[in-house]
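File shown here: query15.pdb, holding PDB, C-alpha atoms.
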```pdb
ATOM      1  CA  MET A   1     124.805  86.722  60.386
ATOM      2  CA  PRO A   2     126.896  89.815  59.571
ATOM      3  CA  VAL A   3     126.788  92.906  61.752
ATOM      4  CA  TYR A   4     125.627  95.756  59.557
ATOM      5  CA  GLN A   5     127.509  99.010  59.127
ATOM      6  CA  LEU A   6     125.082 101.923  59.036
ATOM      7  CA  THR A   7     125.487 104.808  56.627
ATOM      8  CA  ASN A   8     124.045 108.322  56.667
ATOM      9  CA  ASP A   9     120.789 106.927  55.279
ATOM     10  CA  LEU A  10     117.985 106.665  57.844
ATOM     11  CA  VAL A  11     117.494 102.931  57.595
ATOM     12  CA  PHE A  12     118.090  99.866  59.756
ATOM     13  CA  PRO A  13     118.340  96.214  58.753
ATOM     14  CA  ASP A  14     115.462  93.996  59.815
ATOM     15  CA  PRO A  15     115.834  93.261  63.559
ATOM     16  CA  SER A  16     115.408  89.548  62.859
ATOM     17  CA  LEU A  17     118.898  89.652  61.333
ATOM     18  CA  ALA A  18     120.561  90.433  64.678
ATOM     19  CA  GLU A  19     123.318  88.227  66.082
ATOM     20  CA  ASP A  20     122.463  85.710  68.787
ATOM     21  CA  ASP A  21     123.546  88.224  71.422
ATOM     22  CA  GLY A  22     121.241  90.841  69.918
ATOM     23  CA  LEU A  23     123.799  93.008  68.123
ATOM     24  CA  LEU A  24     122.301  94.230  64.862
ATOM     25  CA  ALA A  25     124.390  97.104  63.522
ATOM     26  CA  ILE A  26     127.124  99.617  64.273
ATOM     27  CA  GLY A  27     127.704 103.208  63.257
ATOM     28  CA  GLY A  28     125.269 105.892  62.229
ATOM     29  CA  ASP A  29     124.421 108.663  64.665
ATOM     30  CA  LEU A  30     122.097 109.538  67.546
ATOM     31  CA  SER A  31     119.970 112.037  65.677
ATOM     32  CA  ILE A  32     116.363 112.464  66.791
ATOM     33  CA  GLU A  33     115.116 110.901  63.551
ATOM     34  CA  ARG A  34     117.359 107.850  63.821
ATOM     35  CA  LEU A  35     116.558 107.245  67.480
ATOM     36  CA  LEU A  36     112.802 107.425  66.899
ATOM     37  CA  LEU A  37     113.124 105.087  63.923
ATOM     38  CA  ALA A  38     115.194 102.664  65.983
ATOM     39  CA  TYR A  39     112.819 102.497  68.937
ATOM     40  CA  SER A  40     109.825 102.183  66.627
ATOM     41  CA  ASN A  41     111.445  99.026  65.269
ATOM     42  CA  GLY A  42     112.475  97.549  68.606
ATOM     43  CA  ILE A  43     116.110  98.628  68.253
ATOM     44  CA  PHE A  44     118.111 100.598  70.814
ATOM     45  CA  PRO A  45     121.691 101.931  71.162
ATOM     46  CA  TRP A  46     124.045 100.563  73.816
ATOM     47  CA  TYR A  47     127.794 101.058  73.746
ATOM     48  CA  ASP A  48     130.777 102.270  75.773
ATOM     49  CA  GLU A  49     132.448 105.669  75.641
ATOM     50  CA  GLY A  50     135.035 105.642  72.843
ATOM     51  CA  SER A  51     133.355 102.777  70.958
ATOM     52  CA  PRO A  52     131.290 103.084  67.781
ATOM     53  CA  ILE A  53     127.533 103.303  68.294
ATOM     54  CA  MET A  54     126.136  99.777  68.607
ATOM     55  CA  TRP A  55     122.481  98.983  67.903
ATOM     56  CA  TRP A  56     120.692  96.028  69.501
ATOM     57  CA  ALA A  57     117.519  94.009  68.978
ATOM     58  CA  LEU A  58     117.504  91.521  71.851
ATOM     59  CA  ASN A  59     115.723  88.213  71.458
ATOM     60  CA  PRO A  60     114.022  87.290  73.736
ATOM     61  CA  ARG A  61     112.888  90.710  74.992
ATOM     62  CA  MET A  62     111.949  91.718  78.534
ATOM     63  CA  VAL A  63     108.468  93.247  78.435
ATOM     64  CA  LEU A  64     106.072  94.427  81.114
ATOM     65  CA  ILE A  65     102.378  94.765  80.335
ATOM     66  CA  PRO A  66     101.054  97.586  82.561
ATOM     67  CA  GLU A  67      97.933  95.635  83.534
ATOM     68  CA  GLU A  68     100.184  92.808  84.773
ATOM     69  CA  PHE A  69     102.297  95.082  86.987
ATOM     70  CA  LYS A  70     102.833  93.558  90.453
ATOM     71  CA  VAL A  71     103.741  95.336  93.696
ATOM     72  CA  SER A  72     105.073  93.622  96.808
ATOM     73  CA  LYS A  73     103.375  94.125 100.166
ATOM     74  CA  SER A  74     106.482  95.763 101.585
ATOM     75  CA  LEU A  75     106.612  98.306  98.756
ATOM     76  CA  LYS A  76     102.896  99.048  99.147
ATOM     77  CA  GLN A  77     103.460  99.731 102.831
ATOM     78  CA  LYS A  78     106.340 102.056 102.061
ATOM     79  CA  ILE A  79     104.261 103.954  99.508
ATOM     80  CA  LYS A  80     101.437 104.359 102.052
ATOM     81  CA  LYS A  81     103.846 106.033 104.477
ATOM     82  CA  ALA A  82     104.188 108.853 101.923
ATOM     83  CA  GLU A  83     107.785 109.597 102.929
ATOM     84  CA  PHE A  84     108.736 110.288  99.326
ATOM     85  CA  SER A  85     107.377 112.800  96.831
ATOM     86  CA  ILE A  86     107.199 112.199  93.098
ATOM     87  CA  THR A  87     107.433 114.514  90.095
ATOM     88  CA  PHE A  88     107.460 113.953  86.348
ATOM     89  CA  ASP A  89     109.720 115.745  83.880
ATOM     90  CA  GLU A  90     110.967 118.272  86.432
ATOM     91  CA  ALA A  91     114.639 117.248  86.484
ATOM     92  CA  PHE A  92     115.334 115.163  83.386
ATOM     93  CA  GLU A  93     118.941 116.261  83.010
ATOM     94  CA  GLU A  94     119.664 115.553  86.668
ATOM     95  CA  VAL A  95     118.110 112.103  86.421
ATOM     96  CA  ILE A  96     120.114 111.070  83.370
ATOM     97  CA  ARG A  97     123.281 112.446  84.960
ATOM     98  CA  HIS A  98     122.712 110.431  88.135
ATOM     99  CA  CYS A  99     121.889 107.312  86.097
ATOM    100  CA  SER A 100     125.238 107.664  84.329
ATOM    101  CA  ARG A 101     127.179 108.060  87.585
ATOM    102  CA  VAL A 102     125.691 105.496  89.947
ATOM    103  CA  PRO A 103     128.004 102.437  90.229
ATOM    104  CA  ARG A 104     126.458  99.119  89.200
ATOM    105  CA  SER A 105     127.750  95.764  90.397
ATOM    106  CA  ASP A 106     127.348  94.139  86.972
ATOM    107  CA  GLN A 107     128.966  96.932  84.943
ATOM    108  CA  HIS A 108     132.353  98.601  84.657
ATOM    109  CA  GLY A 109     131.904 102.296  83.943
ATOM    110  CA  THR A 110     128.795 103.568  82.201
ATOM    111  CA  TRP A 111     127.039 102.977  78.891
ATOM    112  CA  ILE A 112     125.329 106.374  79.141
ATOM    113  CA  THR A 113     127.960 108.281  77.200
ATOM    114  CA  ASN A 114     128.110 112.062  76.897
ATOM    115  CA  GLU A 115     126.832 111.667  73.342
ATOM    116  CA  MET A 116     123.849 109.675  74.578
ATOM    117  CA  LYS A 117     123.063 112.166  77.337
ATOM    118  CA  HIS A 118     122.980 114.976  74.792
ATOM    119  CA  ALA A 119     120.762 112.947  72.441
ATOM    120  CA  TYR A 120     118.209 111.979  75.107
ATOM    121  CA  ILE A 121     118.080 115.492  76.497
ATOM    122  CA  ASN A 122     117.144 116.603  72.969
ATOM    123  CA  LEU A 123     114.447 113.906  72.877
ATOM    124  CA  HIS A 124     113.161 115.234  76.194
ATOM    125  CA  LYS A 125     113.016 118.802  74.895
ATOM    126  CA  LEU A 126     110.927 117.548  71.984
ATOM    127  CA  GLY A 127     108.549 115.716  74.326
ATOM    128  CA  PHE A 128     109.539 112.114  73.566
ATOM    129  CA  ALA A 129     111.771 111.355  76.575
ATOM    130  CA  HIS A 130     110.446 111.539  80.131
ATOM    131  CA  SER A 131     111.742 111.286  83.660
ATOM    132  CA  VAL A 132     110.259 110.404  87.019
ATOM    133  CA  GLU A 133     111.909 111.939  90.062
ATOM    134  CA  CYS A 134     111.692 110.658  93.635
ATOM    135  CA  TYR A 135     112.484 113.100  96.470
ATOM    136  CA  PHE A 136     113.072 112.567 100.168
ATOM    137  CA  LYS A 137     112.999 115.773 102.220
ATOM    138  CA  ASN A 138     113.422 117.820  99.034
ATOM    139  CA  GLU A 139     116.515 115.841  97.979
ATOM    140  CA  LEU A 140     116.542 113.861  94.736
ATOM    141  CA  VAL A 141     117.218 110.292  95.866
ATOM    142  CA  GLY A 142     115.961 108.224  92.934
ATOM    143  CA  GLY A 143     114.441 108.280  89.504
ATOM    144  CA  LEU A 144     114.256 106.866  86.019
ATOM    145  CA  TYR A 145     113.938 107.944  82.414
ATOM    146  CA  GLY A 146     112.802 106.491  79.117
ATOM    147  CA  ILE A 147     111.237 107.130  75.727
ATOM    148  CA  SER A 148     107.525 107.238  74.921
ATOM    149  CA  ILE A 149     106.178 106.603  71.422
ATOM    150  CA  GLY A 150     102.540 105.781  70.820
ATOM    151  CA  LYS A 151     101.426 103.733  73.817
ATOM    152  CA  ALA A 152     104.809 102.094  74.331
ATOM    153  CA  PHE A 153     107.308 103.187  76.963
ATOM    154  CA  PHE A 154     110.940 102.230  76.446
ATOM    155  CA  GLY A 155     112.694 102.151  79.799
ATOM    156  CA  GLU A 156     116.315 103.247  79.717
ATOM    157  CA  SER A 157     117.785 103.526  83.199
ATOM    158  CA  MET A 158     117.045 104.177  86.854
ATOM    159  CA  PHE A 159     119.025 105.098  89.953
ATOM    160  CA  HIS A 160     118.574 105.365  93.692
ATOM    161  CA  TYR A 161     120.512 106.689  96.664
ATOM    162  CA  LYS A 162     117.897 105.664  99.204
ATOM    163  CA  THR A 163     116.346 102.213  99.506
ATOM    164  CA  ASP A 164     113.287 101.705  97.286
ATOM    165  CA  ALA A 165     113.430 105.226  95.788
ATOM    166  CA  SER A 166     113.713 103.952  92.205
ATOM    167  CA  LYS A 167     111.000 101.352  92.874
ATOM    168  CA  ILE A 168     108.626 104.065  94.047
ATOM    169  CA  ALA A 169     109.450 106.126  90.947
ATOM    170  CA  PHE A 170     108.693 103.073  88.800
ATOM    171  CA  TYR A 171     105.427 102.500  90.662
ATOM    172  CA  ALA A 172     104.388 106.096  89.920
ATOM    173  CA  LEU A 173     105.254 105.620  86.255
ATOM    174  CA  MET A 174     103.209 102.437  86.021
ATOM    175  CA  GLN A 175     100.162 104.072  87.585
ATOM    176  CA  LYS A 176     100.308 106.785  84.941
ATOM    177  CA  LEU A 177     100.839 104.341  82.078
ATOM    178  CA  LYS A 178      97.935 102.194  83.247
ATOM    179  CA  SER A 179      95.652 105.231  83.470
ATOM    180  CA  TRP A 180      96.603 106.095  79.878
ATOM    181  CA  GLU A 181      96.074 102.464  78.767
ATOM    182  CA  PHE A 182      99.627 101.977  77.562
ATOM    183  CA  GLN A 183     100.169  98.648  75.841
ATOM    184  CA  LEU A 184     103.677  97.771  76.977
ATOM    185  CA  VAL A 185     106.864  98.764  78.730
ATOM    186  CA  ASP A 186     109.967  97.664  76.868
ATOM    187  CA  ALA A 187     112.435  96.748  79.609
ATOM    188  CA  GLN A 188     114.989  95.495  77.056
ATOM    189  CA  MET A 189     116.844  92.908  79.156
ATOM    190  CA  GLU A 190     116.032  90.741  82.152
ATOM    191  CA  THR A 191     116.786  91.945  85.679
ATOM    192  CA  PRO A 192     115.554  90.542  89.028
ATOM    193  CA  LEU A 193     113.835  93.862  89.825
ATOM    194  CA  LEU A 194     111.835  93.971  86.601
ATOM    195  CA  LYS A 195     110.959  90.298  86.980
ATOM    196  CA  SER A 196     109.614  91.010  90.475
ATOM    197  CA  PHE A 197     107.340  93.655  88.949
ATOM    198  CA  GLY A 198     105.855  91.125  86.530
ATOM    199  CA  ALA A 199     108.008  91.647  83.452
ATOM    200  CA  LYS A 200     108.602  88.587  81.262
ATOM    201  CA  LEU A 201     110.955  87.505  78.519
ATOM    202  CA  ILE A 202     109.060  86.972  75.286
ATOM    203  CA  PRO A 203     110.205  86.082  71.742
ATOM    204  CA  PHE A 204     111.135  89.130  69.686
ATOM    205  CA  GLU A 205     108.394  88.435  67.149
ATOM    206  CA  ASP A 206     105.754  88.496  69.912
ATOM    207  CA  TYR A 207     107.260  91.722  71.218
ATOM    208  CA  ARG A 208     107.216  93.183  67.714
ATOM    209  CA  GLU A 209     103.511  92.405  67.326
ATOM    210  CA  LYS A 210     102.712  94.138  70.616
ATOM    211  CA  LEU A 211     104.894  97.099  69.649
ATOM    212  CA  THR A 212     103.134  97.456  66.288
ATOM    213  CA  ILE A 213      99.776  97.726  68.054
ATOM    214  CA  ALA A 214     101.129 100.229  70.605
ATOM    215  CA  LEU A 215     102.528 102.465  67.887
ATOM    216  CA  GLU A 216      99.115 102.847  66.258
ATOM    217  CA  PHE A 217      98.176 105.311  69.034
ATOM    218  CA  GLU A 218      99.053 108.985  69.214
ATOM    219  CA  THR A 219     102.207 109.839  71.156
ATOM    220  CA  LYS A 220     101.683 111.772  74.411
ATOM    221  CA  ARG A 221     104.341 114.385  73.706
ATOM    222  CA  GLY A 222     105.259 117.261  75.953
ATOM    223  CA  LYS A 223     105.695 117.523  79.681
ATOM    224  CA  TRP A 224     104.062 114.844  81.793
ATOM    225  CA  ILE A 225     102.700 115.883  85.176
ATOM    226  CA  LYS A 226     101.816 113.915  88.281
ATOM    227  CA  ASP A 227      98.078 113.276  88.596
TER     228      ASP A 227
END
```
Same coordinates, now as structure tokens:
Amino acid sequence: MPVYQLTNDLVFPDPSLAEDDGLLAIGGDLSIERLLLAYSNGIFPWYDEGSPIMWWALNPRMVLIPEEFKVSKSLKQKIKKAEFSITFDEAFEEVIRHCSRVPRSDQHGTWITNEMKHAYINLHKLGFAHSVECYFKNELVGGLYGISIGKAFFGESMFHYKTDASKIAFYALMQKLKSWEFQLVDAQMETPLLKSFGAKLIPFEDYREKLTIALEFETKRGKWIKD
């Protein structure tokens, strides 16, 4: 299959036309309208600084159904100790900055480019992108961010400087999403951590059906707060 070159028109090729590795198209921009259109069709940007924007539709797709979320005994015990405090949407820019800086064993450099940071901060200001912050003694030690459309949450990245901080942030997110009856969390690609939480790889067409249902609901825009 060819990799499509996007134009200024707000349109994407059908995700089923993606390459075997998931690459669907290159080019375009990271405007609010294009990003919302992409996520609503199961497409997301992922590229290195200095490269053209690359758009992906991975098949199979890593998905977590909130009602199937699993927590280990050790994490439950740590949560009960209440050593960490959690906030929502209080430090989005800090969270995305830390996510872009934290070294990862499986990556060289970062895929969260300056252009992407600017774009997701704009999404946050418009109430579509959200962060969860985890503090230890008033210091930000972990967190995550992602996009929310309808009753689907599209996880983007997480970081931690203290053991289990990002896990506790994710636990807090899942409790909120379950209380709001979210349909799915799009985790994009498989990782051992997400698998331990109950996420599974499913065929893209199955993911697309679930996403279609989730997008029928109204988007919870604006600042999220901890219950």
Would you kindly return, as a list in words, each protein, DNA or RNA residue with an atom no farther than 12 Å from any atom of A:Glu19, considering only C-alpha atoms and excluding same-chain residues fewer than 5 positions away?
->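 My list of contacting residues is Met1, Pro2, Val3, Tyr4, Pro13, Asp14, Leu24, Ala25, Trp55, Trp56, Ala57, Leu58 and Asn59 of chain A.
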Gap from atom CA of A:Met158 to atom CA of A:Phe170 - Å, one decimal |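 So the answer is 8.6 Å.
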Atomic distance atom CA of A:His130 - atom CA of A:Tyr145, expressed in Å with one decimal =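 Atom-to-atom, atom CA of A:His130 and atom CA of A:Tyr145 are spaced 5.5 Å apart.
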With all atoms listed in the file as the atoms that count, which of A:Val63, A:Leu37, A:Ile121, A:Cys99 lies nearest to A:Leu194?
->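 Distance minimum relative to A:Leu194 lands on A:Val63.
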With all atoms listed in the file counted and 10 Å as the cut-off, give the residues of stretch 119-200 of chain A in contact with stretch 64-87 of chain A, each with its shortest interatomic distance in Å and the pair that gives it, as a tab-separated table.
```
residue	atom	partner	partner_atom	distance
A:Ser131	CA	A:Thr87	CA	8.4
A:Val132	CA	A:Thr87	CA	5.9
A:Glu133	CA	A:Thr87	CA	5.2
A:Cys134	CA	A:Ile86	CA	4.8
A:Tyr135	CA	A:Ser85	CA	5.1
A:Phe136	CA	A:Phe84	CA	5.0
A:Lys137	CA	A:Phe84	CA	7.5
A:Asn138	CA	A:Ser85	CA	8.2
A:Glu139	CA	A:Phe84	CA	9.7
A:Leu140	CA	A:Ser85	CA	9.5
A:Val141	CA	A:Phe84	CA	9.2
A:Gly142	CA	A:Ile86	CA	9.6
A:Gly143	CA	A:Ile86	CA	9.0
A:Ala152	CA	A:Ile65	CA	9.8
A:Phe153	CA	A:Leu64	CA	9.8
A:Asp164	CA	A:Leu75	CA	7.6
A:Ala165	CA	A:Phe84	CA	7.8
A:Lys167	CA	A:Leu75	CA	7.9
A:Ile168	CA	A:Ile79	CA	7.0
A:Ala169	CA	A:Ile86	CA	6.8
A:Tyr171	CA	A:Val71	CA	8.0
A:Ala172	CA	A:Ile86	CA	7.4
A:Leu173	CA	A:Ile86	CA	9.7
A:Met174	CA	A:Pro66	CA	6.3
A:Gln175	CA	A:Pro66	CA	8.3
A:Lys176	CA	A:Pro66	CA	9.5
A:Leu177	CA	A:Pro66	CA	6.8
A:Lys178	CA	A:Pro66	CA	5.6
A:Ser179	CA	A:Pro66	CA	9.4
A:Trp180	CA	A:Pro66	CA	10.0
A:Glu181	CA	A:Pro66	CA	7.9
A:Phe182	CA	A:Pro66	CA	6.8
A:Gln183	CA	A:Ile65	CA	6.3
A:Leu184	CA	A:Ile65	CA	4.7
A:Val185	CA	A:Leu64	CA	5.0
A:Asp186	CA	A:Leu64	CA	6.6
A:Ala187	CA	A:Leu64	CA	6.9
A:Gln188	CA	A:Leu64	CA	9.9
A:Leu194	CA	A:Leu64	CA	8.0
A:Lys195	CA	A:Leu64	CA	8.7
A:Ser196	CA	A:Lys70	CA	7.2
A:Phe197	CA	A:Lys70	CA	4.8
A:Gly198	CA	A:Phe69	CA	5.3
A:Ala199	CA	A:Leu64	CA	4.1
A:Lys200	CA	A:Leu64	CA	6.4
```
Closest atom pairs, residues of stretch 106-152 of chain A within 6 Å of stretch 203-225 of chain A, all atoms listed in the file, as a Markdown table:
```
| residue | atom | partner | partner_atom | distance |
| --- | --- | --- | --- | --- |
| A:Gly127 | CA | A:Gly222 | CA | 4.0 |
| A:Phe128 | CA | A:Arg221 | CA | 5.7 |
| A:Ile149 | CA | A:Thr219 | CA | 5.1 |
| A:Gly150 | CA | A:Thr219 | CA | 4.1 |
| A:Lys151 | CA | A:Ala214 | CA | 4.8 |
| A:Ala152 | CA | A:Ala214 | CA | 5.6 |
```
Take the residues from that selection and write them out as a CSV table (one decimal), in the coordinates of the input, keeping C-alpha atoms.
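Wrote it out as selection_35.csv, contents follow:
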```csv
chain,number,residue,atom,x,y,z
A,127,GLY,CA,108.5,115.7,74.3
A,128,PHE,CA,109.5,112.1,73.6
A,149,ILE,CA,106.2,106.6,71.4
A,150,GLY,CA,102.5,105.8,70.8
A,151,LYS,CA,101.4,103.7,73.8
A,152,ALA,CA,104.8,102.1,74.3
```
Enclose stretch 127-137 of chain A, meaning all of its atoms listed in the file, in a box aligned along x, y and z, pad it by 5 Å on each side, and list the centre and edge lengths in Å to one decimal, as AutoDock Vina command-line options.
```
--center_x 110.8 --center_y 113.1 --center_z 87.9 --size_x 14.5 --size_y 15.4 --size_z 38.7
```
Would you work out the distance separating atom CA of A:Gly27 from atom CA of A:Val11, expressed in Å to one decimal?
->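 Result for atom CA of A:Gly27 versus atom CA of A:Val11: 11.7 Å, one decimal.
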From A:Leu144, A:Leu193, A:Met62, A:Leu10, residue lying nearest A:Leu35 [all atoms listed in the file] =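 Checking each of A:Leu144, A:Leu193, A:Met62, A:Leu10 against A:Leu35, counting all atoms listed in the file, the winner is A:Leu10.
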